[in-house]
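Below: the structure, in C-alpha cells.
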Amino acid sequence: MFGLILFSMSILLTRVISDVPTRLGPVFVEEPPAAVRFAASSGGRVHCAARGQPSPRVAWYADDGSPIVDVPGIRRVYSNGTLEVFPSSAYRDETTLIRCRATNAHGTIVSRDVLLQPVADVNWEVTLTAEAAVAGGVAALQCRAGAAPATPALWYRGDRVLHVDPPTPESRYLVAGNTLLIRDVSTTDAGAYSCLARHHLTALTKRSSPAHLTVLPSSMSSAPQLVATAGEVAVAAGSQFCVPCVAPDYPAPQYTWYREKDGRLQPVEPSAGAWLWSGGAALCFARSSGDITGAWLCKAYNVFGDATAQLRIDVEDTFSVTVSPIVVVAEAGSTVQFNCSSSAAAALRWLHDGTPLSAGDTLELRRVSRAHAGAYQCVARRGRRQEQASAELRLGDSPPELQYTFIEQALRAGASVALRCAALAQPPPHIKWLLDGQPVDHYLAHHRFSISEESSPQGEVVSVLNVTAATAGDGGLYTCRASNPLGAIEHSARLNIYGPPSIRPMGIVRAVAGDNFTLHCPYAGYPISSVTWRRRGGAALGGEDARAGARGAALRLWPARAHDAGHYTCSAAAPSHPTAHRDVEIQVRNPPKISPFMFSSELTEGSSVQVLCGVSSGDKPMYFSWLKDGAPLPPNLQIEEKSLNEFSLLMFPELAARHSGAYTCRVANHAAAVDYTATLSVKVAPSWVTEPLDAAVLVGAPLRLTCAARGHPSPTVTWYRKTEGDGLEGMDNSEKWEVATFSSEWGSNGEGVTSSSGAGSSVISAPAATRALAGRYRCSADNGVGAALVKHVNVSVHEPAHFEPLSDAVRNVSSVRGRSVVLSCLAMGDPPLTVHWTHRGNKLDLDSFRWSVSELRAGGGTRSSLRLAAAERGDAGEYRCHARNHYGRADQLILLHVEEPPEAPQRPRLGGAGSRWVRVSWRARTSPQTRYAALCAPADTPAPAALHTYNMTLDTAPGRRSDSEELELLSARLDGLKPASAYTLRIVATNHVGESPHSEALLFTTLEEAPSASPQSIRVRPINSEELHISWSAPARDTWNGELLGYAVSWREMGPPPEDIEEEGSGEPRVGTAVARGWSSAEMTVAGLRPWARYALAVRAFNRAGPGPPSPTAYATTADGVPSEAPSGVSCVAASARSLRVRWRAPALPQLRGYDVHYAPVHEAPSWSGEGGSAAARVTGGATGEALLQGLHAAANYSVRVRARSAAGAGPPSPPTYCATPHDVPGAPEAIRALPAGVDSVRVTWLPPADTGGQLTHYTVYTRELGKVGGEWTQRVDASGEAAEEMWRDVRGLREHAAYELWVRAASAAGEGPPSRAVSAAPATPIAARISSIGRLVTAALGARVRLRCSALGMPPLARVWSPLPQAHTVTDAGDLVIHKLDVQWAMNYTCAVRNGAGADVTQWAVRALRTPAAPSPRLARADSTALHLAWDPPHDGGAPLLGYTVWWWRAWELPSKSKEIASGDEDAAGRQRRVAGAARGAALRGLACGAPYRVAVRAHNALGASPLSPALTLRTRGDKAKAPSGKECIWANATALRVSLLAWGGRCPVARWSVALRPAGAAPWTHLHADGDVAEVNNLEPGTWYEIRVEAHSPAGDSPALYKAATHTLNGERIGEPIDLPLEARLSAADEQGESYAVWWRGGAAALAGLALALGAAVATLAARRRTAPQTCAHPLYVAQPTHHNGKTVSPPDGSLNEISPYATFSMSEAEGERACGLHVRAARELPLAAPPPRPRLLAHPNDYGCARDSDSESSGSPCAACAAELYRLPAAHMSETLPVGAAESSTEDGSYAAGACAGAARRREAQGRPRARRRDHTRPSPTVRYSPRRSLPREELRSNLL
C-alpha cells in the first residue's frame, strides 16, 4: 500500500503519462574504456558507439572541450565513432584525456574520461625459469616477459602444447599469474618446458627458450624455501584467479594461509569462494570482489623449518550506476526528480547534455520548461574509476511557448500588414488573433484579412495575420494567443495606422471581486496625443498608486470591489482631429469560498464515512464536482455524491484500501472556480504475500527463507529463531524465541548468513548452510491493525558423508617391509554411515588373516582402522577409505610406502661428458626415498687411495619399463671432475633402510677445457727501440686441462703515441697478439712496436678448448734510456732582429746529455702552410734550459720545438711554439743611376735593397754638389707596394752645368739603413737618347703578368724598340713592355732600344719563369713488418726553393679499383698523408699493417704550389698471411657444441677479422658464427652429427680460407670421428654456394690465367719431347681418390665419394700402334668466369717434403706425368692453401715460387732413383717458432722464363 501511495505521489508531481515511453535520446552501446594503452609502433583504436532515434552523431573532444579532428599521419576519426591513432616514433610517454560525445535531437551524452597513453617500444624477451622440484611435491615454472605488458598464453612441454584446464581443486596443472604449477610431480614430469607470451598492446607473441624441469628424489630432506610467490597481485573484480605459494622441498610442506584483519592475522578457512589447491600451494578465488583486497600471508612448514611470504591483493573494484526513472515525459511547470545510486561508495555529479550541473544523488528540476528537456547523466567517480548512467527528460503535454512574435509598428493608410506569430506546445497549440481583446473578425470584414498556419512534427505552429489596404480604423492592440488544453500564452503589440482617432464599441465587462482587473480602451488612429478614463459623473481617473485609476489606455481596479461597478468613459485625443469618446459598463461578481473539511485518521477497512463540502459565500449559481488524486472519481469505487445549492456530500458505504487517496472538492460560478483537498487514509490489517514454508538442505548448499506481507500502513516483518532450553522457569509449555540476527555468538554458522527485516518482507539467506542453522523459525508481520500474522517453519540441514582433512603424516604412511602398519580414517555425516576399504581400486578381502578392520563411533562420525599384519612390497600403493549415507558418498586417499634397502643399480652407461662433468645413466627400481651415489676414482690411481663419493641428483624422466624386471632408466650428472682425465665409476643406491651393492664399473674420459692457470715467471726485456723479448715458464701440468698447443702473447701500448710520429691509427693506443706454437715454447720476440713507448704484456696458454687466463701483466719500455718525455713550458722571445732566445723546463729524467732545438721559418704558399725546411741547434748539459738562436731573418715567423737527448738518442719533441723576430734596418739599395733630366733637374733611379729588414716605409734621396763636404739636402720618396719594383725621382732646383753627387737610403719601421753608392750627374738639357731604367733579372710565376719598365730621356722624338716581342703583349705609351701571360717559351732576355736624332741607348732584362717543382721519384729503402722506409732525390725546384714534401699512401687491399684515380692525382681517394721538410731525402711510414700491400706516392712543394704526384709505388711490408692448422689442433667438440681455436693459426702477421660459418654436412645454408679473435663457438647442435666449418682469416696480408668437417659427440659422449681437413675443391664449392666472387679466394685475375696457360703449354711441350726421346709405359685409367695415409692413419673422405685428381687438369698415358702417347685432360670443377681462371699450384712450396718418386702411398696410374700429378694433388689439406698460385691466394709481390711444369720433375725423379726417398714431414703439427725471415719472391719476368 505504501508503494502505491508513493507511486501516486510521483504521478501527481510529474504528471507522467502512464504508458512506458520509448527512449529516443542517445545511449552508449559501446562506451570506451577508462584507459587505452597502445604501442607507438602499432598505433591503436578506441571504439565508441551509441544508439537513438534518430541515430546520434558520435564525435571526440579533448579535455579542454576542443573537437578532435583528423591529422594526417597522426590520427583519424571515423564516422562510426572509432578514433584511430596511427603508428609513429614521435610519441612520448605522455597521457591525453579525451571523451566521446553522442548527440541527436533529444539530447547529448558524454562518455567517461578516456586516458590515451602511448607506450614506447621496448625490446622484450620471454624467459622461463624452472626450479628443481621434489618427487611428490609441487613444481613451479615462472614465465616472465621483463617490463613488457605481456602474459603467458600457452605452455609447452617439449614441442607439444600443454593443455591446462580451468582451475579446480582437483586440477593437476594450475596457472597462477605467470606461474605454471604441477602437483604430485614425478620423474615423468621432468623435461624441457617453454612458454608463449602475448603482448597486450601489439598482440605479438614470443616463445621462451626451453627450461629443464628437474625432479629430485624425495629423500633429500630440507626446510621449505618458497620459490614461487606473488608480492603484488592486481585483478579485475569478478575474475577468477590464483596466487601461488610453492616450496619444492622434502618432506612435502604443509601450507597455512592468513589474512590481515584489524591488524591481526586470521587463518583462512576454505570455502566455496576461496579454496586451496594441493593443500595450500595455491590459494584460488572463484570470483574476486572488493572485500578480498588487503594483506595476505602464506606459511609453508615441515619438520625441518618453515618459510613465509607476504602479498597484497588489490581488486580493481567495478561498480555500476543506475538512474531512475530512465525516461520521463513531464508536463511543463511540473517538478521532476532523478535519483542516482551507485553499487559502491562514490562521488556523484550530474550533467545535462554534457554540461555540468550539481553534485549529489538526487537532481530535482522545478517548473520544468522546454529548456530542461534533454539527456541527464549521473557520473560516479570512485578513485581513478568512473562510471555513468543516463536518463532522458522529454516534455509531454506542455503549455504553449512563443517562439516568434511581432513588434509595434506605424503604417500609412492603404498599406498591407503581415503579423507573424510562432508557438510550440504538445499537443500542438491553436493560435487565435484578437484585436483589442476581441476576435479579429469582430471588427474587420472577412474579405480584408486572412490567417494562414503551418505546423511541424515537433509541435511548432506558425500563424500569419495578413490585412490588406489597412485604414486608420484597423489600428489597435493586436494579440496573438496560443493555447492548448494545458494552458495559453499570448503576446500583444499595437498596430498604428495614420488617421483620426476612433474607439470601438465595448459590451458589458465583468470583474471578479477581490481580483485585479485591467481594461484597455480599444482606440485607433495615429498619432494620439492622450487617452483618458473617467467614471460617469466623475472626474478623470488618474494616478498610478490609486487602487482604482487609469494608466494611459488601461483602466485598473486593483483589486476590484463591489462598489466599483458602474459606467466608465474612454476618450482619445489627436493633435489635428476631434477627440473620440466611448462608454462601457463594468459589473463586479463574487467567487465561491469553500469551508475546510477533513477525514478521520482512525478509519479502518469495512467502516463507512461521509464528508461535506460547503460554500460560505459567492454569487450564484454555483456548480460542485469531486476529484480523486487529480482525476474524476472512478465509478468502481462505489462512492455516492449528493449536491445542493450551497454544499455537496460524498458518502463511502464500505471503506476499502482502494479508497485511500486525495479527494478534491471543486466549486465554480460565473466569477471563478476554487478547489479544496483532503486526504483519506484507510488502515488495512496484514495479509500474506509470500508465506514461509519448511526447508530441508544439505550442508554447504544455499538456504533462503522468504517472508512477505502487505497491509496499510506497511507491516513490519521479522524472523525469530527458537533457542535451546526447556522454556521459562515454572512454565512447562513456554518457548524462548529471539530475533534471528546471526551475530558472532552463533559461532561459525554465522559465516555469510544474513537476515534482513523491514517493511513488507524479511529474508534469511545463507550461501552455504551449516548444521548450526537447523532449527525452528517464526515469521511475524504486524502493522498495528488487527492481530499480527505469525507462521512457524522448520529448517533441516542434512550432512552427507565426508571426511575430515588429513595431515601429511596421516595421508602418507611409511612402513618397513615385514612390519605391521595401521591405516585410519574418520568419516563424518548423518547416520547411518557405511565404511569400507579398497587397495589400488580393488575391495579388500577381509577374510585374509593379513587384514583386519575395526570401527569406532566418535566425534559425530565413524573412525575406521585398517591393520596390516606384515607389510610386503606388493602392499604399497594407494588405499582409499569409502563412506556413504542417505545424503552422499565420499572417499579418502591414503598412500602406503613399504620401504626396503634398494637393489644394486644395473647396466651403468655414459650419457654425456664435459670437461668437469659426466652424465651417467643406469637402470634401477626407484622410490622417492632412494638416493644414489657414485664412487669415482682416477683410472691411473688405485681406487682405495683416490676414491671419492659423489651424491647424485636425478635429472631425467624414467624410461620404458622392462617387461620382466620393471626397471626404470635413470640418469644423473657428476660435477667436480678434472678435464681430460680418465676415471672409473661405480653406482650405489641407499635409503633410510640401508645401502645396495655396488654396480659394475664404468670407464670414461672427460673432455678438454681451456687451461685454468696462466704461464709463470713472466720476464720482458727490450731488444731495441722496436722489439721486446718476453719469456715465461709453462703453467703447472695439472692445469693444462688437455694438451697445450701454444701460447698467446697480448700486448698493449700504455700511453698516447708521440706527436711527431705520423702513422695509421696513431690517435689510439695500439694492441696486438702474437702466438708461439707448441707447449714447450718459452720465449718470443714481439716486433713492430713503437719506439720510446711503454707496453703491457700478458701471456695465455691455449689448447683445443680455448685460451686460459692471462698471466700477471708485465710492463716494459722499448729502447731503455731514450727520453720518454718532451721538455715542457717552451717559450721564446726575440733577443734582436736576427736572434731568438728559447727557454724550457727540463723533464724529470736522469742522465740527460743535452737538447736539440729545432726551428724553421713558417711559410704560407698555395699548397703549403707551415714550416719550410728545418735547422737545429744542440745544447749540451742536461740541466740547461735556455738557448740563443742566431742568424735568423728579420720580421719572420718561426716554429720552435725542443727534444731532450740522452746517450740513446733524442726523445719526443715538444709541441711547436711560434715566435716572430722584429723589424731591422734595411740594407743599401741594390743599384742606382742618375741622368740629366733638364737644365735644373737630375733623374735618379734605384732598385730596393736585397735585405729589406721587414716592410719598407720610404726612401731618402740625398743630393749635394760634387766636391763639397756637407750641405746635402734630402727628399722623401714613399716605398711602393711591390718590394722589387724600380724606384725613381726627379731632383729639381739644381744649377745648370754644376756637378752633383746623389745617393739613396732605404728606411723601415726600425730606421734607415746604410746608403747606396754615390753617383754623380750634372743638370743639362737631354739631347741624346738615354734609358734611365735599370736592366735586371725579373722572376715571375708562369701565367703571371710581367711589366718591364723602359723609361728614357732625350730630345724628342724618341723611338723605342722591344725585342723580341711575345705573342700576348702590350707596349704602353710610356714605352713599357707588358707580357700579359708569362709562358715558358717567353721566359728569355728582352732588349729595349731607344733612339733619337742625337743618339741611341740599349738596356737588357732577363725574364725567368717560376714554376711548381717536378715530381719526386721515390724508392723503397727498407721494409719492416709495420713500416716502410722511403728515399728520393731532390727534384727540380722550378726556380723556387723547395718548402717540403707530402708523402701519400693508400691501402692497396682496400682500393684495388682506385689505381687510376691515384695515378691521375686523386690523392684523396681514401689516402693518408705525412709532411716532410724540404731538406729531407726520405721518410718512414710507421704503424702500417703487417705484410700488407700499399701504394705510395710523393709530392713536392715550393712557394708556387705543388708538383704532380709521383708515380705510385706498390710496396709491401714484411710478413705473411695466416696459416690454417689441422682440424685436430683447432677444433674441440662435445655433444651439443663445436669450438674453433683461432689462436692455433700460424703466420707472422695478425688477423684483422675472422669469418666463421657452420652448416650440417651437405648442402644446407651456412650459419655465420661470432668470433672474438680467440675462439668461435656454436651451441645447441644435434648430438652425433657431422658439420662443415668454414674459417676465413682476413688480414691486410691476405685472406686464408680453411674448410673442416667435424662431428659432435653422441649423447653418450662417444666420438664418431676426428675433425677432417677438406680439400681445395670443397673450399671452392663452399665459397661458390655463398655467392662469393672468385676474387675473394683467388686474387690475381688475369695474371693467374696467363700463368696457367704458360704452365699447361710447358707441360704439353715436355710431354711431346718425352714421347720422342724416352717412351715409357703409361697406365690407362685416370686417377681415382683412395683413402689417404696421414700420420700413420687412414683417413677416408668425409662423404665417401670418389673424385678425380683435380677439377682443373689431369694427365694420362696410352699406347697406340707401338708408341706411347701422353694426353692432357682439362675439366672444370664448376662454371668459372673468364676473369678468374683455375689457380696454379706451387710445386716447390715444400720441396723437401714431397717428391715425385712413387711409393706405397702413390695413387697415380704409373705414368711419369700421372705420378707427378698424383704427388701434387695428394698434398694434405692443411697445406692446400700453400699450393695456391702466385697472384691467387697471395698478391704478386708475395713470397713463393712455381715449378717449371707438371712433368718437369720426371727427370729429377729419374736422377733420384738411386737415392732413398725423403721422409715426409708431419705437417699437421705446426712449427713453434714465431719469428720468420722473408722468402725470396721471383720477379714476374724470371717466373715467365722458368715456365717457358
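Here, A, B, ... name the chains of the C-alpha cells in the order displayed, residue numbers run from 1 inside each chain, and ligands are numbered from 1 in the same displayed order.
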Which residues of stretch 187-288 of chain A come within 10 Å of stretch 39-51 of chain A, and for each one, what is the closest pair of atoms and their distance in Å to one decimal, counting only C-alpha atoms, sorted by chain and residue number, as a Markdown table?
| residue | atom | partner | partner_atom | distance |
| --- | --- | --- | --- | --- |
| A:His199 | CA | A:Ala39 | CA | 9.8 |
| A:His200 | CA | A:Ala39 | CA | 9.2 |
| A:Leu201 | CA | A:Ala39 | CA | 5.7 |
| A:Thr202 | CA | A:Ala39 | CA | 6.3 |
| A:Ala203 | CA | A:Ser42 | CA | 9.8 |
Write out as JSON, numbers by chain which residues come within 12 Å of stretch 910-919 of chain A when counting only C-alpha atoms, dropping same-chain ones fewer than 6 positions away. {"A": [934, 936, 950, 952, 953, 954, 955, 956, 969, 970, 971, 972, 973, 974, 975, 976, 977, 978, 979, 980, 981, 982, 983, 984, 985, 986, 1001, 1002, 1003, 1004, 1005, 1006, 1007, 1008, 1009, 1010, 1011, 1012, 1040, 1041, 1042, 1105, 1532, 1533, 1534, 1535, 1536, 1537, 1583, 1584, 1608, 1609, 1610, 1611, 1612, 1613, 1614, 1615]}
Using C-alpha atoms, can you write the selected residues to a file as a compact mmCIF listing (two decimals), in the first residue's frame?
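What follows is the written file selection20.txt:
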# COMPACT_ATOMS: atom_id res chain seq x y z
CA ALA A 934 78.76 -42.52 -7.42
CA CYS A 936 84.61 -42.43 -8.63
CA TYR A 950 79.52 -38.11 -5.27
CA MET A 952 73.86 -37.71 -7.44
CA THR A 953 70.69 -35.84 -8.27
CA LEU A 954 68.36 -37.44 -10.79
CA ASP A 955 67.80 -35.21 -13.79
CA THR A 956 65.87 -37.19 -16.40
CA LEU A 969 66.11 -45.73 -16.78
CA LEU A 970 67.67 -43.09 -14.51
CA SER A 971 70.43 -40.57 -15.11
CA ALA A 972 72.36 -38.05 -13.09
CA ARG A 973 75.17 -35.62 -13.56
CA LEU A 974 78.51 -35.70 -11.73
CA ASP A 975 80.38 -32.47 -11.30
CA GLY A 976 83.78 -31.62 -9.88
CA LEU A 977 85.87 -33.83 -12.17
CA LYS A 978 89.12 -32.87 -13.81
CA PRO A 979 89.32 -32.12 -17.53
CA ALA A 980 90.95 -34.57 -19.94
CA SER A 981 91.16 -37.26 -17.25
CA ALA A 982 90.22 -40.96 -17.23
CA TYR A 983 88.03 -42.24 -14.41
CA THR A 984 86.45 -45.47 -13.17
CA LEU A 985 82.94 -45.23 -11.63
CA ARG A 986 80.53 -47.46 -9.70
CA ALA A 1001 82.46 -50.44 -13.18
CA LEU A 1002 82.22 -47.75 -15.87
CA LEU A 1003 85.33 -46.25 -17.51
CA PHE A 1004 85.23 -42.79 -19.15
CA THR A 1005 87.41 -39.78 -20.03
CA THR A 1006 86.37 -36.13 -19.58
CA LEU A 1007 86.69 -33.54 -22.31
CA GLU A 1008 89.37 -30.92 -22.60
CA GLU A 1009 88.92 -27.46 -21.10
CA ALA A 1010 90.76 -24.22 -21.54
CA PRO A 1011 93.83 -24.05 -19.26
CA SER A 1012 92.88 -22.94 -15.78
CA TRP A 1040 96.66 -27.73 -18.70
CA ASN A 1041 93.26 -29.43 -18.93
CA GLY A 1042 94.42 -31.13 -22.09
CA ALA A 1105 89.23 -25.84 -25.96
CA TRP A 1532 87.03 -29.01 -29.89
CA ALA A 1533 83.67 -30.75 -29.61
CA ASN A 1534 81.16 -32.13 -27.17
CA ALA A 1535 77.64 -33.46 -27.66
CA THR A 1536 75.99 -30.13 -28.48
CA ALA A 1537 78.79 -27.67 -29.22
CA PRO A 1583 74.48 -34.79 -30.97
CA GLY A 1584 76.41 -37.24 -33.13
CA THR A 1608 79.67 -33.56 -32.28
CA HIS A 1609 79.82 -36.35 -29.73
CA THR A 1610 76.90 -38.61 -29.16
CA LEU A 1611 74.73 -38.17 -26.09
CA ASN A 1612 76.74 -40.93 -24.52
CA GLY A 1613 79.93 -38.94 -25.03
CA GLU A 1614 81.27 -41.13 -27.83
CA ARG A 1615 83.30 -39.67 -30.69
Residues of stretch 1482-1635 of chain A classed as helix (DSSP H, G or I) by DSSP on the backbone are to be reported as a count of residues only. 17
Nearest candidate to A:Gly537 (options A:Lys1268, A:Val175, A:Gly566, A:His948; using only C-alpha atoms):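 When distances to A:Gly537 are compared using only C-alpha atoms, the smallest one comes from A:Gly566.
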For atom CA of A:Ala685 and atom CA of A:Ala709, quote the distance in Å rounded to one decimal.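 Spanning atom CA of A:Ala685 to atom CA of A:Ala709 is a straight-line distance of 9.9 Å.
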Shortest interatomic distance to A:Val29 - which of A:Ala102, A:Gly191, A:Ala1400, A:Tyr78, counting only C-alpha atoms: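 When distances to A:Val29 are compared using only C-alpha atoms, the smallest one comes from A:Ala102.
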If you run DSSP on the backbone, which residues of stretch 565-740 of chain A are strand (DSSP E), as a VMD selection string? chain A and resid 566 to 573 580 to 589 593 to 594 609 to 617 623 to 628 631 to 632 640 to 643 647 to 652 661 to 668 673 to 680 684 to 690 695 to 698 703 to 712 716 to 722 737 to 739
Distance of atom CA of A:Val1157 from atom CA of A:Leu1188, expressed in Å to one decimal place: 9.7 Å
Could you tell me how far atom CA of A:Ala539 sits from atom CA of A:Arg556, in Å to one decimal place? 15.5 Å
My list of candidates is A:Arg1153, A:Arg448, A:Arg75, A:His1501. Which is closest to A:Pro1166 when distances are computed with only C-alpha atoms?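 Result for the nearest residue to A:Pro1166: A:His1501.
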Here is a test: counting only C-alpha atoms, which residue of A:Leu395, A:Val813, A:Ile528, A:Val1244 is nearest to A:Ala572? A:Ile528
Counting only C-alpha atoms, what is within 10 Å of A:Val27, bar same-chain residues fewer than 5 positions away, as a ChimeraX atom specification? /A:49-52,56,102-103,107-110,375,389-392
Please list as a list in words every residue within 10 Å of A:Val1496, counting only C-alpha atoms and excluding residues in the same chain fewer than 5 positions away.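 After dropping sequence-adjacent residues, the list is Pro1418, Arg1419, Leu1420, Leu1428, Leu1430, Val1447, Trp1448, Trp1449, Trp1450, Arg1451, Ala1452, Ile1462, Gly1471, Arg1472, Gln1473, Leu1485, Leu1509, Ser1510, Pro1511, Ala1512, Leu1513, Thr1514 and Leu1515 of chain A.
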Got time to write the residues from that selection, N, CA, C and O atoms, as a short mmCIF file (atom, residue, chain, number, x, y, z; two decimals), in the first residue's frame?
data_model
loop_
_atom_site.label_atom_id
_atom_site.label_comp_id
_atom_site.auth_asym_id
_atom_site.auth_seq_id
_atom_site.Cartn_x
_atom_site.Cartn_y
_atom_site.Cartn_z
N PRO A 1418 110.31 8.56 -55.74
CA PRO A 1418 110.61 7.82 -54.51
C PRO A 1418 111.00 6.38 -54.81
O PRO A 1418 110.68 5.81 -55.86
N ARG A 1419 111.69 5.75 -53.86
CA ARG A 1419 112.09 4.35 -53.95
C ARG A 1419 112.05 3.77 -52.54
O ARG A 1419 112.07 4.50 -51.54
N LEU A 1420 111.98 2.45 -52.47
CA LEU A 1420 111.94 1.76 -51.19
C LEU A 1420 113.36 1.55 -50.69
O LEU A 1420 114.18 0.91 -51.37
N LEU A 1428 107.49 1.22 -43.69
CA LEU A 1428 108.13 1.33 -44.99
C LEU A 1428 109.05 2.55 -44.96
O LEU A 1428 108.60 3.66 -44.62
N LEU A 1430 111.21 5.09 -47.07
CA LEU A 1430 111.29 5.62 -48.43
C LEU A 1430 112.51 6.53 -48.56
O LEU A 1430 112.97 7.13 -47.57
N VAL A 1447 104.00 13.02 -48.40
CA VAL A 1447 104.04 11.59 -48.73
C VAL A 1447 102.62 11.05 -48.57
O VAL A 1447 102.03 11.14 -47.49
N TRP A 1448 102.10 10.51 -49.66
CA TRP A 1448 100.76 9.91 -49.66
C TRP A 1448 100.89 8.40 -49.71
O TRP A 1448 101.75 7.87 -50.39
N TRP A 1449 100.01 7.71 -48.98
CA TRP A 1449 99.96 6.25 -49.11
C TRP A 1449 98.53 5.78 -48.97
O TRP A 1449 97.71 6.38 -48.29
N TRP A 1450 98.26 4.67 -49.68
CA TRP A 1450 96.92 4.07 -49.73
C TRP A 1450 97.01 2.59 -49.40
O TRP A 1450 98.01 1.93 -49.69
N ARG A 1451 95.94 2.08 -48.82
CA ARG A 1451 95.86 0.65 -48.56
C ARG A 1451 95.45 -0.05 -49.85
O ARG A 1451 94.30 0.06 -50.28
N ALA A 1452 96.37 -0.73 -50.43
CA ALA A 1452 96.10 -1.33 -51.75
C ALA A 1452 95.02 -2.40 -51.68
O ALA A 1452 94.30 -2.63 -52.64
N ILE A 1462 94.54 7.34 -58.42
CA ILE A 1462 95.78 7.75 -57.77
C ILE A 1462 96.77 8.24 -58.81
O ILE A 1462 97.44 9.25 -58.63
N GLY A 1471 93.17 8.13 -49.14
CA GLY A 1471 94.60 8.15 -48.86
C GLY A 1471 94.92 8.84 -47.56
O GLY A 1471 94.12 9.58 -46.99
N ARG A 1472 96.13 8.59 -47.09
CA ARG A 1472 96.67 9.24 -45.90
C ARG A 1472 97.93 9.97 -46.29
O ARG A 1472 98.57 9.62 -47.28
N GLN A 1473 98.34 10.96 -45.53
CA GLN A 1473 99.48 11.78 -45.92
C GLN A 1473 100.32 12.11 -44.70
O GLN A 1473 99.87 12.05 -43.57
N LEU A 1485 107.25 5.53 -43.06
CA LEU A 1485 105.82 5.37 -42.80
C LEU A 1485 105.68 4.25 -41.77
O LEU A 1485 105.94 3.08 -42.06
N LEU A 1509 101.78 14.41 -58.57
CA LEU A 1509 102.02 13.26 -57.72
C LEU A 1509 102.95 12.30 -58.46
O LEU A 1509 102.79 12.05 -59.65
N SER A 1510 103.94 11.80 -57.75
CA SER A 1510 104.87 10.86 -58.36
C SER A 1510 104.13 9.58 -58.74
O SER A 1510 103.06 9.28 -58.19
N PRO A 1511 104.68 8.81 -59.66
CA PRO A 1511 104.06 7.50 -59.96
C PRO A 1511 103.95 6.67 -58.70
O PRO A 1511 104.89 6.59 -57.90
N ALA A 1512 102.78 6.07 -58.52
CA ALA A 1512 102.54 5.32 -57.29
C ALA A 1512 103.34 4.03 -57.28
O ALA A 1512 103.35 3.28 -58.26
N LEU A 1513 104.03 3.80 -56.17
CA LEU A 1513 104.76 2.56 -55.95
C LEU A 1513 103.87 1.57 -55.20
O LEU A 1513 103.18 1.96 -54.26
N THR A 1514 103.92 0.33 -55.60
CA THR A 1514 103.22 -0.71 -54.85
C THR A 1514 104.25 -1.42 -53.98
O THR A 1514 105.14 -2.10 -54.48
N LEU A 1515 104.15 -1.23 -52.70
CA LEU A 1515 105.11 -1.76 -51.75
C LEU A 1515 104.38 -2.64 -50.75
O LEU A 1515 103.16 -2.53 -50.57
#
Would you kindly return, as a list in words, each protein, DNA or RNA residue with an atom no farther than 10 Å from any atom of A:Ser681, considering only C-alpha atoms and excluding same-chain residues fewer than 6 positions away?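 Once the adjacent positions are removed, what remains is Phe599, Ser600, Ser601, Glu602, Leu603, Thr604, Glu605, Leu655, Ala656, Ala657, Arg658, His659, Ser660, Gly661, Ala662, His712 and Pro713 of chain A.
Non-sequential neighbours of A:Pro1015 (distance at most 6 Å, separation of 5 or more positions within a chain, only C-alpha atoms) are Ser1033, Ala1034, Pro1035 and Ser1111 of chain A.
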Applying 10 Å and only C-alpha atoms, which residues near stretch 1368-1372 of chain A remain after dropping the ones on its own chain fewer than 4 positions away? List them as a PyMOL selection string. chain A and resi 1345-1350+1360-1362+1376-1383+1386
